[in-house]
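Structure data follow from start_13.txt (compact mmCIF, C-alpha atoms):
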# COMPACT_ATOMS: atom_id res chain seq x y z
CA MET A 1482 6.75 10.60 5.37
CA LYS A 1483 8.96 11.07 2.32
CA SER A 1484 9.65 8.22 -0.09
CA SER A 1485 13.31 8.12 0.96
CA ALA A 1486 12.46 7.72 4.65
CA ALA A 1487 9.81 5.10 3.88
CA GLY A 1488 12.32 3.22 1.72
CA VAL A 1489 14.93 3.15 4.48
CA VAL A 1490 12.37 1.88 6.99
CA GLY A 1491 11.27 -0.81 4.55
CA ILE A 1492 14.84 -2.00 3.96
CA VAL A 1493 15.48 -2.23 7.71
CA ALA A 1494 12.25 -4.22 8.16
CA LEU A 1495 13.25 -6.58 5.35
CA ALA A 1496 16.65 -7.15 6.94
CA LEU A 1497 15.04 -8.01 10.28
CA LEU A 1498 12.66 -10.49 8.64
CA VAL A 1499 15.30 -12.19 6.50
CA VAL A 1500 17.68 -12.60 9.44
CA GLY A 1501 14.85 -14.30 11.31
CA HIS A 1502 15.28 -17.47 9.25
CA HIS A 1503 18.57 -18.02 11.07
CA LEU A 1504 17.21 -17.19 14.54
CA GLY A 1505 14.11 -19.35 14.81
CA ILE A 1506 10.33 -19.20 14.64
CA GLY A 1507 9.89 -17.22 17.86
CA TYR A 1508 12.04 -14.38 16.57
CA VAL A 1509 10.19 -14.24 13.24
CA VAL A 1510 6.80 -14.18 14.94
CA GLY A 1511 7.89 -11.42 17.31
CA VAL A 1512 9.40 -9.30 14.52
CA SER A 1513 6.37 -9.77 12.26
CA ALA A 1514 3.97 -8.80 15.04
CA ALA A 1515 6.09 -5.79 16.03
CA LEU A 1516 6.38 -4.61 12.42
CA SER A 1517 2.62 -5.01 12.01
CA VAL A 1518 2.06 -2.72 14.99
CA ILE A 1519 4.50 -0.15 13.61
CA PHE A 1520 2.93 -0.42 10.17
CA GLY A 1521 -0.54 -0.02 11.66
CA TYR A 1522 0.53 3.23 13.27
CA GLY A 1523 2.34 4.61 10.24
CA TRP A 1524 0.08 3.56 7.35
CA PRO A 1525 -2.81 5.98 8.06
CA HIS A 1526 -0.31 8.83 8.47
CA TYR A 1527 1.45 7.81 5.26
CA LEU A 1528 -1.84 7.99 3.34
CA GLY A 1529 -3.21 10.97 5.25
CA ILE A 1530 -6.59 9.34 5.93
CA PRO A 1531 -8.94 10.36 8.77
CA ALA A 1532 -9.51 8.32 11.96
CA LYS A 1533 -5.83 7.44 12.12
CA LYS A 1534 -5.77 5.98 15.62
CA THR A 1535 -8.79 3.73 15.21
CA LEU A 1536 -7.88 2.45 11.75
CA GLY A 1537 -4.24 2.06 12.78
CA THR A 1538 -5.28 -0.09 15.72
CA ILE A 1539 -7.35 -2.33 13.45
CA ILE A 1540 -4.47 -2.72 10.99
CA ALA A 1541 -2.00 -3.48 13.78
CA LEU A 1542 -4.25 -6.08 15.42
CA THR A 1543 -4.88 -7.76 12.08
CA GLY A 1544 -1.19 -8.19 11.33
CA ALA A 1545 -0.17 -9.18 14.84
CA GLY A 1546 -3.03 -11.69 15.15
CA ALA A 1547 -2.27 -13.27 11.79
CA SER A 1548 1.43 -13.63 12.62
CA LEU A 1549 0.71 -15.18 16.01
CA SER A 1550 -1.82 -17.61 14.52
CA VAL A 1551 0.69 -18.83 11.94
CA GLY A 1552 3.41 -19.22 14.55
CA LEU A 1553 1.18 -21.12 16.98
CA ALA A 1554 -0.69 -23.27 14.45
CA VAL A 1555 -0.21 -27.04 14.57
CA GLY A 1556 -0.16 -29.13 11.42
CA PRO A 1557 0.22 -28.25 7.73
CA ASP A 1558 -2.58 -25.64 7.63
CA TYR A 1559 -0.50 -22.81 9.05
CA LEU A 1560 -2.37 -20.10 7.11
CA MET A 1561 -5.85 -21.34 7.96
CA TRP A 1562 -6.68 -18.38 10.23
CA THR A 1563 -5.14 -15.68 8.06
CA PRO A 1564 -8.22 -15.06 5.83
CA ILE A 1565 -10.36 -14.85 8.97
CA TYR A 1566 -8.18 -12.16 10.50
CA ILE A 1567 -8.14 -10.20 7.25
CA ALA A 1568 -11.93 -10.49 6.92
CA LEU A 1569 -12.38 -9.31 10.51
CA GLY A 1570 -10.07 -6.38 9.81
CA PHE A 1571 -12.06 -5.43 6.73
CA GLY A 1572 -15.31 -5.68 8.66
CA ALA A 1573 -13.99 -3.51 11.47
CA THR A 1574 -12.77 -0.96 8.93
CA MET A 1575 -16.20 -0.78 7.31
CA VAL A 1576 -17.87 -0.33 10.71
CA VAL A 1577 -15.50 2.51 11.60
CA GLN A 1578 -16.16 4.21 8.27
CA ILE A 1579 -19.92 4.00 8.85
CA ILE A 1580 -20.03 5.31 12.41
CA ARG A 1581 -17.22 7.89 12.39
CA GLY A 1582 -18.22 11.53 12.17
CA THR A 1583 -15.19 13.15 10.52
CA GLY A 1584 -13.94 13.11 6.96
CA GLN A 1585 -17.19 12.02 5.32
CA LYS A 1586 -16.16 13.58 2.01
CA HIS A 1587 -13.25 11.17 1.73
CA ARG A 1588 -14.90 8.06 3.16
CA LEU A 1589 -14.39 5.99 -0.01
CA GLU A 1590 -10.70 6.86 -0.28
CA SER A 1591 -10.22 6.23 3.43
CA THR A 1592 -11.93 2.84 3.18
CA LEU A 1593 -9.76 1.78 0.24
CA GLY A 1594 -6.56 2.94 1.94
CA ALA A 1595 -7.38 1.28 5.25
CA GLY A 1596 -8.47 -1.91 3.48
CA ALA A 1597 -5.16 -2.03 1.66
CA GLY A 1598 -3.38 -1.61 5.00
CA VAL A 1599 -5.37 -4.51 6.48
CA MET A 1600 -4.35 -6.77 3.61
CA ILE A 1601 -0.68 -5.76 3.78
CA ALA A 1602 -0.53 -6.27 7.55
CA GLY A 1603 -2.35 -9.60 7.27
CA PHE A 1604 0.01 -10.85 4.59
CA ALA A 1605 3.00 -10.06 6.80
CA CYS A 1606 2.44 -13.47 8.37
CA GLY A 1607 3.69 -14.94 5.09
CA TRP A 1608 7.25 -14.45 6.36
CA VAL A 1609 6.39 -16.69 9.32
CA ALA A 1610 4.68 -19.21 7.05
CA SER A 1611 7.67 -19.34 4.71
CA LEU A 1612 9.87 -20.42 7.60
CA ARG A 1613 7.39 -23.05 8.76
CA TYR A 1614 6.72 -24.42 5.28
CA LEU A 1615 10.22 -24.26 3.78
CA GLY A 1616 12.66 -24.14 6.67
CA GLU A 1617 15.46 -22.78 4.45
CA PRO A 1618 16.08 -19.13 3.60
CA GLY A 1619 16.51 -19.42 -0.19
CA LEU A 1620 13.15 -18.05 -1.32
CA THR A 1621 13.11 -15.58 1.54
CA LEU A 1622 16.42 -14.13 0.39
CA ILE A 1623 15.16 -13.87 -3.19
CA VAL A 1624 12.04 -11.97 -2.18
CA GLY A 1625 13.88 -9.84 0.36
CA ILE A 1626 16.63 -8.80 -2.04
CA SER A 1627 14.14 -8.09 -4.84
CA ALA A 1628 12.01 -5.98 -2.50
CA ALA A 1629 15.08 -4.10 -1.25
CA VAL A 1630 16.11 -3.27 -4.82
CA ALA A 1631 12.57 -2.14 -5.56
CA LEU A 1632 12.60 0.11 -2.49
CA LEU A 1633 15.88 1.65 -3.56
CA ALA A 1634 14.52 2.29 -7.05
CA GLY A 1635 11.37 3.84 -5.60
CA MET A 1636 13.48 6.39 -3.72
CA LEU A 1637 14.66 7.98 -6.97
CA PRO A 1638 13.31 11.55 -7.38
CA TRP A 1639 11.97 10.87 -10.88
CA PRO A 1640 8.44 10.98 -12.32
CA GLU A 1641 6.18 8.08 -11.45
CA ARG A 1642 5.84 6.97 -15.08
CA ILE A 1643 9.58 6.26 -15.07
CA VAL A 1644 10.06 5.01 -11.50
CA ALA A 1645 7.25 2.42 -11.53
CA PRO A 1646 8.44 0.40 -14.58
CA LEU A 1647 12.05 0.76 -13.45
CA THR A 1648 11.16 -0.57 -10.01
CA ILE A 1649 9.50 -3.67 -11.44
CA ALA A 1650 12.27 -4.28 -13.98
CA LEU A 1651 15.12 -4.00 -11.47
CA ALA A 1652 13.34 -6.21 -8.95
CA GLY A 1653 12.75 -8.78 -11.69
CA LEU A 1654 16.47 -8.80 -12.47
CA ALA A 1655 17.49 -8.95 -8.81
CA GLY A 1656 15.44 -12.11 -8.22
CA PRO A 1657 17.40 -14.39 -10.61
CA LEU A 1658 20.70 -12.91 -9.45
CA ALA A 1659 19.85 -13.69 -5.82
CA ALA A 1660 18.76 -17.19 -6.85
CA LEU A 1661 22.09 -17.86 -8.56
CA ILE A 1662 24.06 -16.73 -5.51
CA PHE A 1663 22.03 -17.94 -2.52
CA SER A 1664 19.80 -20.85 -3.60
CA ASP A 1665 19.01 -23.55 -6.14
CA VAL A 1666 15.77 -21.94 -7.32
CA ARG A 1667 15.40 -21.79 -11.09
CA ILE A 1668 15.70 -18.54 -13.00
CA LEU A 1669 12.09 -18.13 -14.17
CA PRO A 1670 10.44 -18.68 -10.74
CA ALA A 1671 12.98 -16.33 -9.18
CA MET A 1672 12.23 -13.70 -11.82
CA ALA A 1673 8.50 -14.09 -11.22
CA LEU A 1674 9.01 -13.56 -7.49
CA GLY A 1675 11.14 -10.48 -8.16
CA VAL A 1676 8.59 -8.97 -10.55
CA LEU A 1677 5.81 -9.60 -8.05
CA ALA A 1678 7.78 -7.97 -5.23
CA GLY A 1679 8.59 -4.99 -7.44
CA ALA A 1680 4.94 -4.59 -8.47
CA VAL A 1681 3.83 -4.56 -4.83
CA ILE A 1682 6.42 -1.92 -3.93
CA ALA A 1683 5.53 0.19 -6.99
CA ALA A 1684 1.87 0.08 -5.98
CA PHE A 1685 2.71 1.89 -2.73
CA HIS A 1686 3.48 5.04 -4.68
CA ARG A 1687 0.08 4.97 -6.34
CA LEU A 1688 -1.69 4.38 -3.04
CA ARG A 1689 -0.11 7.40 -1.40
CA ALA A 1690 -2.50 10.31 -2.11
CA PRO A 1691 -3.26 13.24 0.25
CA PHE A 1692 -7.03 12.85 0.44
CA PRO A 1693 -7.86 16.28 1.89
CA ALA A 1694 -5.74 17.97 -0.77
CA ASN A 1695 -7.61 16.09 -3.48
CA GLY A 1696 -10.85 17.34 -2.05
CA ARG A 1697 -9.64 20.95 -2.05
CA LEU A 1698 -8.60 20.70 -5.67
CA ALA A 1699 -11.69 18.99 -6.99
CA GLY A 1700 -14.37 20.61 -4.86
CA PRO A 1701 -14.12 24.31 -5.85
CA CYS A 1702 -13.50 23.43 -9.50
CA LEU A 1703 -16.62 21.31 -9.66
CA ARG A 1704 -18.68 23.86 -7.78
CA ARG A 1705 -17.66 26.66 -10.14
CA ALA A 1706 -17.86 24.51 -13.24
CA ARG A 1707 -21.61 23.98 -12.82
CA PRO A 1708 -22.64 27.65 -13.17
CA ALA A 1709 -20.09 28.07 -15.97
CA PHE A 1710 -21.64 25.16 -17.86
CA ALA A 1711 -25.11 26.59 -17.29
CA LEU A 1712 -23.92 29.94 -18.66
CA ARG A 1713 -22.53 28.31 -21.80
CA LEU A 1714 -25.76 26.36 -22.29
CA ALA A 1715 -27.82 29.55 -21.99
CA VAL A 1716 -25.59 31.27 -24.56
CA VAL A 1717 -26.02 28.37 -27.00
CA LEU A 1718 -29.79 28.32 -26.58
CA ARG A 1719 -29.89 32.07 -27.03
CA GLY A 1720 -28.14 31.67 -30.38
CA LYS A 1721 -25.49 34.29 -29.78
CA ALA A 1722 -21.75 34.03 -29.41
CA ALA A 1723 -20.42 34.23 -25.89
CA SER A 1724 -18.59 37.39 -24.92
CA PRO A 1725 -15.31 37.35 -22.96
CA LEU A 1726 -17.14 38.74 -19.94
CA GLU A 1727 -19.61 35.88 -20.02
CA LEU A 1728 -16.91 33.24 -20.21
CA ARG A 1729 -14.69 34.78 -17.55
CA GLY A 1730 -16.30 32.71 -14.79
CA ASN A 1731 -15.15 29.34 -16.17
CA PRO A 1732 -12.35 28.12 -13.85
CA CYS A 1733 -11.44 24.85 -15.60
Could the structure of this file be written out as structure tokens, please?
Amino acid sequence: MKSSAAGVVGIVALALLVVGHHLGIGYVVGVSAALSVIFGYGWPHYLGIPAKKTLGTIIALTGAGASLSVGLAVGPDYLMWTPIYIALGFGATMVVQIIRGTGQKHRLESTLGAGAGVMIAGFACGWVASLRYLGEPGLTLIVGISAAVALLAGMLPWPERIVAPLTIALAGLAGPLAALIFSDVRILPAMALGVLAGAVIAAFHRLRAPFPANGRLAGPCLRRARPAFALRLAVVLRGKAASPLELRGNPC
């Protein structure tokens, strides 16, 4: 999925979540669970990791279970079960990585990507918790608007070294502006929320890496670099300068 398409999907999801504060707890729980399922399906494809169906199911169940637990919890400890669901998701991810038979060369990258998906899906229940804890949409609007601005900035076709700082800076500016218009939250807390939202969105670009392509690039280079290094070492020990023919085999 291209960054532009992912940004549009993210903005639509944010709009659905923010509107939920005006439609009640049942709507927010249903939207959070549904978005977790969609995210669980799309995240492995977005990263290009192996075992997409199995890992996607784990991510989806983690997010949906966490959202339902927050919505159904009684008392002030609404997030009590969230760490448990995330821990179970991590454990299931590790088990899948151990027993699966495909993509062994990229098992570490796949584990990190799937683990990040478990955490993101598990934290989606925070939108439900914000409604139960606060009851008013001020902070939700600040975070939602900051994240939307960060998504729009991340869609720019510029180098990552420019887009990432710009994303965080614009989100940090959008937070105080949203606070002035929609709530009574102070400027500094609103800016901190905006910067945090922008940093999370900017991190998505760094997480997206085609794992098989990385393996194709690194593997042959490393395999050919070993005999080339051995050839150079033999030339040094022999005490003679290397000829162009001898150094032709170095690929890197």
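Atom pair atom CA of Val1499 of chain A / atom CA of Leu1637 of chain A has a distance of 24.3 Å (rounded to one decimal).
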What's around Gly1570 of chain A at 7 Å? Count all atoms listed in the file, leave out sequence neighbours fewer than 3 positions away in its own chain, and write the answer as a CSV table (one decimal) with C-alpha atoms, in the frame of the given file.
chain,number,residue,atom,x,y,z
A,1539,ILE,CA,-7.4,-2.3,13.4
A,1540,ILE,CA,-4.5,-2.7,11.0
A,1543,THR,CA,-4.9,-7.8,12.1
A,1566,TYR,CA,-8.2,-12.2,10.5
A,1567,ILE,CA,-8.1,-10.2,7.2
A,1573,ALA,CA,-14.0,-3.5,11.5
A,1574,THR,CA,-12.8,-1.0,8.9
A,1599,VAL,CA,-5.4,-4.5,6.5
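Note that atom CA of Gly1607 of chain A and atom CA of Val1644 of chain A are 26.7 Å apart.
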Shell around Ala1514 of chain A at 8 Å using all atoms listed in the file, local window under 2 positions removed, as a list of chain:residue names:
A:Val1510, A:Gly1511, A:Val1512, A:Leu1516, A:Ser1517, A:Val1518, A:Gly1544, A:Ala1545, A:Gly1546, A:Ser1548, A:Leu1549
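Closest approach to Thr1592 of chain A among A:Ile1530, A:Leu1560, A:Ala1628, A:Ile1682 is made by A:Ile1530 (distances from only C-alpha atoms).
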Within 12 Å of segment 1652-1667 of chain A, counting all atoms listed in the file, which residues show up once you throw out same-chain ones fewer than 3 positions away? Write them as a PyMOL selection string, please.
chain A and resi 1617-1635+1644-1649+1670-1683
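Considering only C-alpha atoms, the residue among A:Met1575, A:Tyr1508, A:Arg1581, A:Pro1564 positioned nearest to Met1600 of chain A is A:Pro1564.
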Can you tell me, as a PyMOL selection string, what residues are no more than 12 Å from Leu1589 of chain A when counting only C-alpha atoms, ignoring any on the same chain fewer than 3 positions away?
chain A and resi 1530-1531+1574-1575+1578-1579+1584-1586+1592-1596+1692
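The shortest atom-to-atom distance to Gly1556 of chain A, with all atoms listed in the file taken into account, belongs to A:Ala1610 out of A:Ala1487, A:Leu1495, A:Ala1610, A:Leu1669.
Closest to Gly1523 of chain A among A:Gly1491, A:Gly1603, A:Gly1507, A:Pro1640 is A:Gly1491, based on all atoms listed in the file.
Take the candidates A:Leu1651, A:Val1577, A:Ala1486, A:Trp1562 and check each one against Lys1533 of chain A using only C-alpha atoms; the shortest distance goes to A:Val1577.
With all atoms listed in the file as the atoms that count, the minimum distance from Ile1506 of chain A to the choices A:Val1576, A:Leu1569, A:Ala1650, A:Leu1612 is reached by A:Leu1612.
For the pair atom CA of Glu1641 of chain A and atom CA of Phe1685 of chain A, the separation is 11.2 Å.
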